[in-house]
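Enquirer: Below you'll find the structure I mean.
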Amino acid sequence: MEGNTLNEADRPDERLGVAVIGAGYWGPNLVRNFQASDRFRLRWLCDLDVARAERVLGGYSTVRATADYAAVLADPEVAAVAVATPAGTHLDVALAALRAGKHVLVEKPLATTYADGARLVAEAEERGLTLMCDHTYCYTPAVAKIRELVHQGALGEIHYVDSVRINLGLVQKDIDVLWDLAPHDLSILDFILPEHVEPVAVAAHGADPIGAGRDCITYLTLQLNTGAIAHVHVNWLSPTKVRTTMVGGAKRTLVWDDLNPAQRLAVFDRGVDLTTPQDLGADERREALISYRSGDMVAPALGEKEALRGMVDEFAAAITEGRAPLTDGRAGLRVLDILEAASRSLEFRGAVVGLRTGGDRALPALPTPRDGSAKNVNEAAGERR
């Protein structure tokens, strides 16, 4: 029997072959996590600057660096591709990978337009391939816990969500603060809301007080189909860095402070209760119908795990199990829907704009754009990007 035993080196490698496309800002993080994963085997790092890719890999790596994307897609050992290139290239790079039969992970945003994102989703579904968005924050222990509490009903019916993501810089050259920072908060909102709750419309207000040529401050207000609202504030000009999200429910309110490692999550049993008239006696009806409660605060224990590692594990699980990942292409499409609608709202002075994913609702009439011209709303949205 011993003579028939395979040595460890002779065993077939069941890990999924993966290639990372892009060695810029985010690519090295993906390289590190794919190399650390026991579910993937990193085979290629592809970048137009081969020297940069080689520096990321280091002198002792067996991973191949190349500028030839066609060679990567032609490798039968590559089962999946992770795209970390500029957003404007996501459509072409991801579409080529899907057409080559590869599963695809795309850094946020999924694409630069809803139409392009829809093409990627349709292509992946038609070919039976996994398309996943790297909505990294959704894989943090804190956000995973928020999703769990919301879906379990621990907070009760959601009344509001308020999110703040502000800091000093970095003012981008090609996109405004909405497209730079809000995708994080919108992807988190999409991730934590129960299935029956969804945004149906958005109104946005922005400002460029420093003359950067693009909005540096933006406020979004999302209407949810339940009558609740969600608010997002993103800002490049704040002297302090703030990363907080508050989720208010009928039973409890949750506060997430991402910059407080000692207490990232706090759940407050405090709020407002409303007594309906039919529950009151004749004498009691003269009293106030609203009462306030002040209960305990609980700080849920959170595990320690790098978000990107959790995202990589989810990508592998979705591929091997043949299921949609938690942040699939349709999740990315819903975020794009809000971003495009918010851009239209910004161009038309904060008008409420309906969402595609909010059902067949007639869009409200839009006022004159901020520059006074009579631009078509779709043209205006396109020009902002």
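The chains in the structure tokens are called A, B, ... from first to last as shown; in each chain the residues are counted from 1, and the ligands are counted from 1 in the order shown.
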Pick out the residues sitting within 10 Å of Gly24 of chain A, and hand them over as a PyMOL selection string; count only C-alpha atoms, and ignore anything fewer than 3 positions along from it in its own chain.
Expert: chain A and resi 21+27-29+47+49+52-53+56+84-86
Enquirer: Write down as an MDAnalysis selection string the residues belonging to segment 80-154 of chain A that are assigned helix (DSSP H, G or I) by DSSP computed on the backbone.
Expert: chainID A and resid 87:99 114:127 136:139 141:152
Enquirer: Which residue, A:Leu30, A:Ala100, A:Val161, A:Leu16, has the smallest gap to Asp190 of chain A when you use only C-alpha atoms?
Expert: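 Of A:Leu30, A:Ala100, A:Val161, A:Leu16, the one nearest Asp190 of chain A is A:Val161, counting only C-alpha atoms.
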Enquirer: Rank nothing, just name the residue among A:Ser163, A:Thr130, A:Thr218, A:Gln172 nearest to Val104 of chain A, using only C-alpha atoms.
Expert: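 That would be A:Thr130, the residue with the smallest distance to Val104 of chain A.
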Enquirer: Taking into account only C-alpha atoms, which residue in the set A:Ala207, A:Val18, A:Leu333, A:Asp92 is nearest to Ala122 of chain A?
Expert: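 When distances to Ala122 of chain A are compared using only C-alpha atoms, the smallest one comes from A:Leu333.
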Enquirer: Which residue is closest to Cys133 of chain A? Choose from A:Ser187, A:Thr62, A:Gln152, A:Asn225 and count only C-alpha atoms.
Expert: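 Looking at the shortest contact to Cys133 of chain A, the residue is A:Ser187.
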Enquirer: Which of these residues is nearest to Val164 of chain A, using only C-alpha atoms: A:Asp258, A:Asp68, A:Asp134, A:Glu347?
Expert: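 Closest to Val164 of chain A, using only C-alpha atoms: A:Asp258.
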Enquirer: Contacts of Leu220 of chain A at 12 Å or less, counting only C-alpha atoms, minus same-chain residues fewer than 5 places along, as a ChimeraX atom specification?
Expert: /A:161-165,177-179,181-183,185-186,199,201-206,229-235,338-339,341-346,350-353
Enquirer: Excluding same-chain residues fewer than 5 positions from Lys145 of chain A, what lies within 10 Å of it counting only C-alpha atoms, as a list in words?
Expert: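 Here the answer would be Cys138, Tyr139, Thr140, Val150, His151, Ile192, Leu265, Pro300, Ala301, Leu302 and Gly303 of chain A.
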